[in-house]
Each structure stands twice: as C-alpha cells, then as structure tokens.
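Dropping structure-v2.cif in here (mmCIF, C-alpha atoms):
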```cif
data_final
#
loop_
_atom_site.label_atom_id
_atom_site.label_comp_id
_atom_site.auth_asym_id
_atom_site.auth_seq_id
_atom_site.Cartn_x
_atom_site.Cartn_y
_atom_site.Cartn_z
CA MET A 1 -1.62 -6.91 1.43
CA PRO A 2 -1.02 -7.38 5.17
CA PRO A 3 2.02 -9.35 6.29
CA PRO A 4 1.78 -13.01 7.25
CA ARG A 5 0.33 -13.02 10.75
CA ASP A 6 1.50 -16.49 11.78
CA LEU A 7 0.47 -16.97 15.41
CA GLU A 8 1.32 -13.38 16.34
CA VAL A 9 -1.49 -10.86 16.86
CA LEU A 10 -0.58 -7.68 15.02
CA LEU A 11 -2.07 -4.26 15.68
CA GLU A 12 -2.31 -1.79 12.82
CA VAL A 13 -0.76 1.64 13.31
CA ARG A 14 -3.29 4.42 12.70
CA ASP A 15 -0.90 7.36 13.08
CA VAL A 16 2.79 8.09 13.64
CA ASN A 17 3.83 11.10 15.72
CA ALA A 18 7.48 12.12 15.65
CA MET A 19 8.52 14.41 18.47
CA ILE A 20 11.21 15.50 20.88
CA VAL A 21 10.30 14.93 24.54
CA PRO A 22 12.22 15.34 27.80
CA SER A 23 13.88 12.13 28.95
CA PRO A 24 12.10 10.85 32.06
CA VAL A 25 15.45 9.97 33.61
CA LEU A 26 17.86 12.65 32.44
CA GLY A 27 15.46 15.44 31.49
CA ALA A 28 17.48 15.99 28.28
CA PRO A 29 15.62 16.15 24.96
CA MET A 30 14.97 12.71 23.46
CA PRO A 31 13.55 11.97 19.97
CA VAL A 32 10.68 9.47 19.96
CA LEU A 33 8.11 7.96 17.62
CA VAL A 34 4.69 7.41 19.15
CA LEU A 35 2.61 4.92 17.18
CA GLU A 36 -1.14 5.22 17.74
CA LEU A 37 -2.63 1.73 17.42
CA GLU A 38 -6.00 0.46 16.22
CA ASP A 39 -6.95 -0.62 19.76
CA GLY A 40 -6.45 2.92 21.13
CA ARG A 41 -3.12 2.26 22.82
CA GLU A 42 0.24 3.80 21.98
CA PHE A 43 3.59 2.13 21.34
CA THR A 44 6.64 4.34 21.79
CA LEU A 45 10.06 3.94 20.21
CA TYR A 46 12.65 5.89 22.19
CA HIS A 47 15.99 7.37 21.10
CA VAL A 48 15.19 7.28 17.39
CA PRO A 49 17.56 9.24 15.17
CA TYR A 50 16.77 12.95 15.25
CA GLU A 51 16.98 13.01 11.43
CA ILE A 52 13.99 10.66 11.20
CA VAL A 53 11.89 12.81 13.54
CA ARG A 54 12.75 15.84 11.41
CA ALA A 55 12.10 14.04 8.11
CA LEU A 56 8.75 12.59 9.28
CA ASN A 57 7.64 16.02 10.48
CA ASN A 58 8.70 17.52 7.14
CA LEU A 59 6.64 14.84 5.34
CA ARG A 60 3.61 15.60 7.49
CA SER A 61 3.86 19.36 7.02
CA GLY A 62 4.66 19.11 3.32
CA SER A 63 7.75 21.20 3.93
CA ASP A 64 10.40 21.07 1.28
CA SER A 65 12.59 23.74 2.83
CA LEU A 66 14.99 21.42 4.58
CA GLY A 67 17.81 23.90 5.07
CA GLY A 68 21.27 23.05 6.30
CA ARG A 69 22.68 19.58 5.78
CA GLU A 70 20.31 16.90 4.58
CA SER A 71 20.12 13.33 5.81
CA ILE A 72 19.37 10.40 3.53
CA PHE A 73 15.79 10.61 4.82
CA ASP A 74 15.48 14.21 3.64
CA VAL A 75 16.90 13.23 0.23
CA PHE A 76 14.42 10.32 -0.10
CA ALA A 77 11.52 12.59 0.85
CA SER A 78 12.52 15.36 -1.55
CA MET A 79 13.26 12.95 -4.41
CA LYS A 80 10.32 10.61 -3.87
CA ASP A 81 9.75 10.16 -7.61
CA LEU A 82 13.27 8.80 -8.05
CA VAL A 83 12.81 6.14 -5.37
CA GLU A 84 9.24 5.30 -6.38
CA GLU A 85 10.20 1.74 -7.42
CA LEU A 86 11.21 1.04 -3.84
CA GLY A 87 7.84 2.37 -2.71
CA LYS A 88 5.94 0.26 -5.24
CA SER A 89 7.58 -2.92 -3.95
CA LEU A 90 7.15 -2.17 -0.22
CA GLU A 91 4.01 -3.91 1.07
CA SER A 92 4.10 -3.35 4.84
CA VAL A 93 6.24 -2.94 7.94
CA VAL A 94 5.92 -5.01 11.12
CA VAL A 95 7.60 -4.19 14.45
CA ASP A 96 7.68 -7.59 16.13
CA GLU A 97 11.03 -8.28 17.76
CA LEU A 98 12.78 -7.11 20.92
CA ASP A 99 16.29 -8.18 21.84
CA TYR A 100 16.08 -8.33 25.63
CA ASN A 101 19.89 -8.19 25.93
CA THR A 102 20.25 -4.89 24.06
CA GLY A 103 16.75 -3.47 24.54
CA LEU A 104 16.51 -2.84 20.78
CA TYR A 105 13.45 -3.45 18.64
CA THR A 106 13.58 -4.83 15.10
CA ALA A 107 11.09 -4.35 12.30
CA LYS A 108 10.48 -6.46 9.25
CA ALA A 109 9.85 -4.73 5.93
CA TYR A 110 7.99 -6.89 3.41
CA PHE A 111 8.69 -6.27 -0.28
CA ARG A 112 7.03 -7.84 -3.33
CA LEU A 113 9.50 -8.18 -6.20
CA GLY A 114 7.63 -9.64 -9.15
CA GLY A 115 6.23 -12.91 -7.86
CA LEU A 116 8.62 -13.11 -4.91
CA GLN A 117 8.09 -11.76 -1.43
CA MET A 118 11.23 -10.59 0.36
CA MET A 119 11.55 -9.70 4.02
CA ARG A 120 14.29 -7.43 5.36
CA ARG A 121 15.04 -6.96 9.07
CA MET A 122 15.44 -3.23 9.69
CA ILE A 123 15.84 -0.56 12.33
CA PRO A 124 12.19 0.21 13.17
CA SER A 125 12.36 3.98 12.73
CA HIS A 126 13.92 3.55 9.28
CA ALA A 127 11.28 1.03 8.20
CA ILE A 128 8.51 3.26 9.59
CA PHE A 129 9.91 6.22 7.65
CA LEU A 130 9.69 4.20 4.41
CA ALA A 131 6.12 3.11 5.20
CA VAL A 132 5.02 6.69 5.93
CA LEU A 133 6.83 8.02 2.85
CA PHE A 134 5.06 5.56 0.56
CA GLY A 135 1.76 5.28 2.44
CA ARG A 136 2.14 1.62 3.40
CA PRO A 137 0.61 -0.06 6.47
CA ILE A 138 2.57 -0.44 9.69
CA TYR A 139 1.85 -3.13 12.29
CA VAL A 140 3.14 -3.75 15.82
CA SER A 141 3.07 -7.05 17.68
CA ARG A 142 0.47 -6.99 20.44
CA ARG A 143 2.97 -8.96 22.56
CA LEU A 144 5.42 -6.04 22.41
CA VAL A 145 2.71 -3.46 23.12
CA ASP A 146 1.52 -5.45 26.14
CA ALA A 147 5.11 -5.83 27.41
CA GLN A 148 5.77 -2.10 27.04
CA ALA A 149 2.54 -1.25 28.87
CA GLU A 150 3.43 -3.67 31.67
CA MET A 151 6.92 -2.17 31.99
CA GLY A 152 5.42 1.32 32.12
CA ALA A 153 3.09 0.26 34.93
CA VAL A 154 5.99 -1.26 36.88
CA LEU A 155 8.09 1.89 36.48
CA SER A 156 5.13 4.06 37.47
CA ASP A 157 4.63 1.99 40.65
CA GLU A 158 8.32 2.30 41.51
CA VAL A 159 8.21 6.09 41.10
CA SER A 160 5.08 6.28 43.28
CA GLU A 161 6.78 4.23 46.02
CA GLU A 162 9.86 6.49 45.92
CA GLU A 163 7.65 9.59 46.23
CA GLU A 164 5.85 8.07 49.23
CA GLU A 165 9.21 7.33 50.91
CA GLU A 166 10.19 11.03 50.60
CA PHE A 167 7.30 12.06 52.88
#
```
Full structure transcribed into structure tokens:
Amino acid sequence: MPPPRDLEVLLEVRDVNAMIVPSPVLGAPMPVLVLELEDGREFTLYHVPYEIVRALNNLRSGSDSLGGRESIFDVFASMKDLVEELGKSLESVVVDELDYNTGLYTAKAYFRLGGLQMMRRMIPSHAIFLAVLFGRPIYVSRRLVDAQAEMGAVLSDEVSEEEEEEF
C-alpha cells in the first residue's frame, strides 16, 4: 500500500544504485545512492555511509561472502529470515524532507503493526536499505527532486562561468 500522499506529489523509485564516485569538489571518493525515478530523472543522496553502499551491492549481487568486519546492514542481509517480521510490517519508504540548515534529508518509513500504521523518521539511506532488503516501494517527493535539479543547474552555470573567465 502506498504511503499517504497528502498534497505532496511523490515519485516512485524504480531502481537504487549504490556506488562510490569522485567528489566534484575534493576529488576524493564519495559514497552515493542514485535513485532512478518513474519520471526518468535521478535523485542522488551524497555522503551515505560506505557500509550501506557495500551492503546494497552485496544484496544486488547475491554475495554472502562479506569478509572482514560486518556492519549491522551486513548482519541484517545475511540473517534476513530472523528479521522477517520487520520486513512484513514495513509498507513503504518516503524521502520527503530536507533541513535547509543542515542540508540533510529525512525519510519516513511506514509500518503496519496489526491494525495500526506507524511512521518513523529515519536516515534516508538506512530506510532505503530496509526497503531494498524487503522489496518494499520507495518514493521521493517531487519537490525535493525539482529542488535538487535546480541546484545542479545553478552549480553547472557557475562552473561554466568560471571556465569562461579562465580564457
């Protein structure tokens, strides 16, 4: 069951890609989640915990050879049967908040416990991990996608102007 949509337009996530990319500013490796949306656009979450990128990639590849130290995400993935009750109660995840002071997104995870629906505010990458682990739908607010696209266009224009000044 999809989450309550209220007045917010939500876009369904069709695919989640977890990867390490060079930071556009520092050039150092940076873990990101790229969410491919139903309208063909992408929504990117930057600086996600490396452990989530690794765990999501392990889920996708079906790898169970985790090696080294395991994070809680690796444990959940390798012991999925033990946490199945959590998965049965999770209905969906919605990324729909941005704190403009901190630059941090927030997701809401919707759970159905008997006849009650419960919503928990979570770190988006953690909520997305749970949704991918248990095959639940993920949604992103169109307002946030539009804002991120607009910010990307502004930054792209600024970089173009700086390059022109160098000539």
Quick one: of A:Phe129, A:Phe134, A:Phe111, A:Tyr139, who's nearest to Ile52 (chain A), counting only C-alpha atoms?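 Of the candidates, the smallest distance to Ile52 (chain A) is held by A:Phe129.
Distances here use all atoms listed in the file; by that measure, the residue among A:Val21, A:Ala153, A:Val145, A:Val48 closest to Glu36 (chain A) is A:Val145.
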A:Leu113, A:Leu130, A:Leu144, A:Lys80 ranked by distance to Asp99 (chain A), top pick (using all atoms listed in the file): A:Leu144
Hits from the PyMOL selection byres ((chain A and resi 123) around 12), listed as a PDB file with C-alpha atoms, in the frame of the given file:
```pdb
ATOM      1  CA  LEU A  45      10.060   3.940  20.210  1.00  0.00           C
ATOM      2  CA  HIS A  47      15.990   7.370  21.100  1.00  0.00           C
ATOM      3  CA  VAL A  48      15.190   7.280  17.390  1.00  0.00           C
ATOM      4  CA  PRO A  49      17.560   9.240  15.170  1.00  0.00           C
ATOM      5  CA  ILE A  52      13.990  10.660  11.200  1.00  0.00           C
ATOM      6  CA  VAL A  93       6.240  -2.940   7.940  1.00  0.00           C
ATOM      7  CA  VAL A  94       5.920  -5.010  11.120  1.00  0.00           C
ATOM      8  CA  VAL A  95       7.600  -4.190  14.450  1.00  0.00           C
ATOM      9  CA  ASP A  96       7.680  -7.590  16.130  1.00  0.00           C
ATOM     10  CA  GLU A  97      11.030  -8.280  17.760  1.00  0.00           C
ATOM     11  CA  LEU A  98      12.780  -7.110  20.920  1.00  0.00           C
ATOM     12  CA  LEU A 104      16.510  -2.840  20.780  1.00  0.00           C
ATOM     13  CA  TYR A 105      13.450  -3.450  18.640  1.00  0.00           C
ATOM     14  CA  THR A 106      13.580  -4.830  15.100  1.00  0.00           C
ATOM     15  CA  ALA A 107      11.090  -4.350  12.300  1.00  0.00           C
ATOM     16  CA  LYS A 108      10.480  -6.460   9.250  1.00  0.00           C
ATOM     17  CA  ALA A 109       9.850  -4.730   5.930  1.00  0.00           C
ATOM     18  CA  ARG A 120      14.290  -7.430   5.360  1.00  0.00           C
ATOM     19  CA  ARG A 121      15.040  -6.960   9.070  1.00  0.00           C
ATOM     20  CA  MET A 122      15.440  -3.230   9.690  1.00  0.00           C
ATOM     21  CA  PRO A 124      12.190   0.210  13.170  1.00  0.00           C
ATOM     22  CA  SER A 125      12.360   3.980  12.730  1.00  0.00           C
ATOM     23  CA  HIS A 126      13.920   3.550   9.280  1.00  0.00           C
ATOM     24  CA  ALA A 127      11.280   1.030   8.200  1.00  0.00           C
ATOM     25  CA  ILE A 128       8.510   3.260   9.590  1.00  0.00           C
ATOM     26  CA  PHE A 129       9.910   6.220   7.650  1.00  0.00           C
ATOM     27  CA  LEU A 130       9.690   4.200   4.410  1.00  0.00           C
TER      28      LEU A 130
END
```
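Within 7 Å of region 12-15 of chain A, once only C-alpha atoms are used and residues closer than 4 positions along the same chain are dropped, the contacting residues are Leu35, Glu36, Leu37, Glu38, Ile138, Tyr139 and Val140 of chain A.
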CA of Leu33 (chain A) to CA of Leu56 (chain A), straight-line distance in Å: 9.6 Å
Just so the selection is clear, what residues does the PyMOL selection byres ((chain A and resi 73) around 10) cover here, as an MDAnalysis selection string? chainID A and resid 51:56 70:72 74:79 126 129:130 133
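The nearest approach to Asp39 (chain A) among the residues A:Arg142, A:Arg112, A:Lys88, A:Arg60, with all atoms listed in the file taken into account, belongs to A:Arg142.
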From the set A:Gln148, A:Met30, A:Gly135, A:Arg69, which residue has the shortest atom-to-atom contact distance to Glu91 (chain A), counting all atoms listed in the file? A:Gly135
Find the distance between CA of Val9 (chain A) and CA of Arg143 (chain A) and write it in Å to one decimal.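 A separation of 7.5 Å between them.
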Give me, please, the distance in Å between CA of Gly103 (chain A) and CA of Leu90 (chain A), quoted to one decimal. 26.6 Å
Using all atoms listed in the file, which of the listed residues (A:Leu59, A:Leu86, A:Val132, A:Ala147) sits closest to Tyr100 (chain A)? A:Ala147
If you take every atom of region 84-97 of chain A that the file lists and fit an axis-aligned box around them with 8 Å extra on each side, what centre and edge lengths come out in Å to one decimal, as lines of an AutoDock Vina configuration file?
```
center_x = 7.6
center_y = -1.5
center_z = 5.2
size_x = 23.2
size_y = 29.6
size_z = 41.2
```
